[in-house]
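Notes for the one structure printed next.
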Amino acid sequence: MGYVSKTVMEEGKAAKIAGQADTSNPYPAGSQNSADWLEGYTYDEAEQNVDNDSDE
């Protein structure tokens, strides 16, 4: 997944490293900044692909 704002993505990453909950995302739900923040927050998690069968 990509991001638009590296600054906002880095904020999310820093929040995760600091042990903050994902609910600490300061940006409005559905906004690009919120998506970028979450991209940073989940930087160390495997990407989930729900439209691809992993049993193949």
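Within each chain, counting starts at residue 1; across the structure tokens, chains are named A, B, ... in the order shown, with ligands numbered 1 upward in that order.
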
Shell around range 17-26 of chain A at 12 Å using only C-alpha atoms, local window under 4 positions removed, as a PyMOL selection string = chain A and resi 8-13+30-31+33-44

Can you write just those residues out, N, CA, C and O atoms, as a PDB file, in the first residue's frame?
ATOM      1  N   VAL A   8       3.024  12.408   7.673  1.00  0.00           N
ATOM      2  CA  VAL A   8       1.901  11.828   8.412  1.00  0.00           C
ATOM      3  C   VAL A   8       2.144  10.340   8.638  1.00  0.00           C
ATOM      4  O   VAL A   8       1.878   9.814   9.720  1.00  0.00           O
ATOM      5  N   MET A   9       2.687   9.654   7.645  1.00  0.00           N
ATOM      6  CA  MET A   9       2.988   8.234   7.792  1.00  0.00           C
ATOM      7  C   MET A   9       4.011   8.030   8.918  1.00  0.00           C
ATOM      8  O   MET A   9       3.871   7.129   9.738  1.00  0.00           O
ATOM      9  N   GLU A  10       5.009   8.899   8.985  1.00  0.00           N
ATOM     10  CA  GLU A  10       6.011   8.806  10.044  1.00  0.00           C
ATOM     11  C   GLU A  10       5.393   9.071  11.420  1.00  0.00           C
ATOM     12  O   GLU A  10       5.826   8.495  12.420  1.00  0.00           O
ATOM     13  N   GLU A  11       4.390   9.943  11.480  1.00  0.00           N
ATOM     14  CA  GLU A  11       3.678  10.187  12.747  1.00  0.00           C
ATOM     15  C   GLU A  11       3.011   8.902  13.238  1.00  0.00           C
ATOM     16  O   GLU A  11       3.065   8.571  14.423  1.00  0.00           O
ATOM     17  N   GLY A  12       2.371   8.177  12.326  1.00  0.00           N
ATOM     18  CA  GLY A  12       1.731   6.917  12.696  1.00  0.00           C
ATOM     19  C   GLY A  12       2.731   5.878  13.155  1.00  0.00           C
ATOM     20  O   GLY A  12       2.512   5.160  14.134  1.00  0.00           O
ATOM     21  N   LYS A  13       3.855   5.823  12.464  1.00  0.00           N
ATOM     22  CA  LYS A  13       4.913   4.879  12.847  1.00  0.00           C
ATOM     23  C   LYS A  13       5.449   5.214  14.234  1.00  0.00           C
ATOM     24  O   LYS A  13       5.636   4.324  15.071  1.00  0.00           O
ATOM     25  N   GLY A  30     -11.560   8.287   7.197  1.00  0.00           N
ATOM     26  CA  GLY A  30     -11.852   8.373   5.773  1.00  0.00           C
ATOM     27  C   GLY A  30     -10.988   9.377   5.029  1.00  0.00           C
ATOM     28  O   GLY A  30     -11.016   9.420   3.804  1.00  0.00           O
ATOM     29  N   SER A  31     -10.211  10.168   5.753  1.00  0.00           N
ATOM     30  CA  SER A  31      -9.357  11.161   5.094  1.00  0.00           C
ATOM     31  C   SER A  31      -8.055  10.515   4.620  1.00  0.00           C
ATOM     32  O   SER A  31      -7.642   9.469   5.121  1.00  0.00           O
ATOM     33  N   ASN A  33      -5.115  11.711   5.150  1.00  0.00           N
ATOM     34  CA  ASN A  33      -4.173  11.762   6.268  1.00  0.00           C
ATOM     35  C   ASN A  33      -4.391  10.608   7.235  1.00  0.00           C
ATOM     36  O   ASN A  33      -3.427  10.043   7.754  1.00  0.00           O
ATOM     37  N   SER A  34      -5.638  10.237   7.486  1.00  0.00           N
ATOM     38  CA  SER A  34      -5.919   9.102   8.360  1.00  0.00           C
ATOM     39  C   SER A  34      -5.359   7.817   7.764  1.00  0.00           C
ATOM     40  O   SER A  34      -4.734   7.014   8.462  1.00  0.00           O
ATOM     41  N   ALA A  35      -5.549   7.641   6.463  1.00  0.00           N
ATOM     42  CA  ALA A  35      -5.026   6.454   5.787  1.00  0.00           C
ATOM     43  C   ALA A  35      -3.501   6.428   5.838  1.00  0.00           C
ATOM     44  O   ALA A  35      -2.898   5.376   6.082  1.00  0.00           O
ATOM     45  N   ASP A  36      -2.879   7.578   5.620  1.00  0.00           N
ATOM     46  CA  ASP A  36      -1.420   7.650   5.674  1.00  0.00           C
ATOM     47  C   ASP A  36      -0.912   7.353   7.080  1.00  0.00           C
ATOM     48  O   ASP A  36       0.085   6.656   7.265  1.00  0.00           O
ATOM     49  N   TRP A  37      -1.589   7.901   8.095  1.00  0.00           N
ATOM     50  CA  TRP A  37      -1.203   7.666   9.489  1.00  0.00           C
ATOM     51  C   TRP A  37      -1.281   6.169   9.791  1.00  0.00           C
ATOM     52  O   TRP A  37      -0.369   5.595  10.389  1.00  0.00           O
ATOM     53  N   LEU A  38      -2.376   5.533   9.374  1.00  0.00           N
ATOM     54  CA  LEU A  38      -2.541   4.095   9.612  1.00  0.00           C
ATOM     55  C   LEU A  38      -1.507   3.273   8.847  1.00  0.00           C
ATOM     56  O   LEU A  38      -1.076   2.217   9.308  1.00  0.00           O
ATOM     57  N   GLU A  39      -1.131   3.746   7.665  1.00  0.00           N
ATOM     58  CA  GLU A  39      -0.079   3.068   6.900  1.00  0.00           C
ATOM     59  C   GLU A  39       1.212   3.032   7.721  1.00  0.00           C
ATOM     60  O   GLU A  39       1.900   2.016   7.781  1.00  0.00           O
ATOM     61  N   GLY A  40       1.531   4.142   8.355  1.00  0.00           N
ATOM     62  CA  GLY A  40       2.711   4.176   9.211  1.00  0.00           C
ATOM     63  C   GLY A  40       2.540   3.332  10.460  1.00  0.00           C
ATOM     64  O   GLY A  40       3.455   2.626  10.884  1.00  0.00           O
ATOM     65  N   TYR A  41       1.354   3.395  11.036  1.00  0.00           N
ATOM     66  CA  TYR A  41       1.084   2.659  12.275  1.00  0.00           C
ATOM     67  C   TYR A  41       1.218   1.151  12.068  1.00  0.00           C
ATOM     68  O   TYR A  41       1.667   0.431  12.946  1.00  0.00           O
ATOM     69  N   THR A  42       0.843   0.681  10.906  1.00  0.00           N
ATOM     70  CA  THR A  42       0.864  -0.763  10.635  1.00  0.00           C
ATOM     71  C   THR A  42       2.095  -1.178   9.833  1.00  0.00           C
ATOM     72  O   THR A  42       2.107  -2.260   9.238  1.00  0.00           O
ATOM     73  N   TYR A  43       3.137  -0.349   9.849  1.00  0.00           N
ATOM     74  CA  TYR A  43       4.333  -0.605   9.038  1.00  0.00           C
ATOM     75  C   TYR A  43       4.943  -1.983   9.282  1.00  0.00           C
ATOM     76  O   TYR A  43       5.530  -2.577   8.379  1.00  0.00           O
ATOM     77  N   ASP A  44       4.819  -2.504  10.492  1.00  0.00           N
ATOM     78  CA  ASP A  44       5.461  -3.773  10.838  1.00  0.00           C
ATOM     79  C   ASP A  44       4.516  -4.970  10.793  1.00  0.00           C
ATOM     80  O   ASP A  44       4.867  -6.057  11.219  1.00  0.00           O
TER      81      ASP A  44
END

Could you give me the residues within chain A that DSSP places in helix (DSSP H, G or I), as a list in words?
-> Lys6, Thr7, Val8, Met9, Glu10, Glu11, Gly12, Lys13, Ala14, Ala15, Lys16, Ile17, Asp22, Thr23, Ser24, Gln32, Asn33, Ser34, Ala35, Asp36, Trp37, Leu38, Glu39, Gly40 and Tyr41 of chain A

Å distance separating CA of Ser5 in chain A from CA of Asp51 in chain A, one decimal place = 26.5 Å
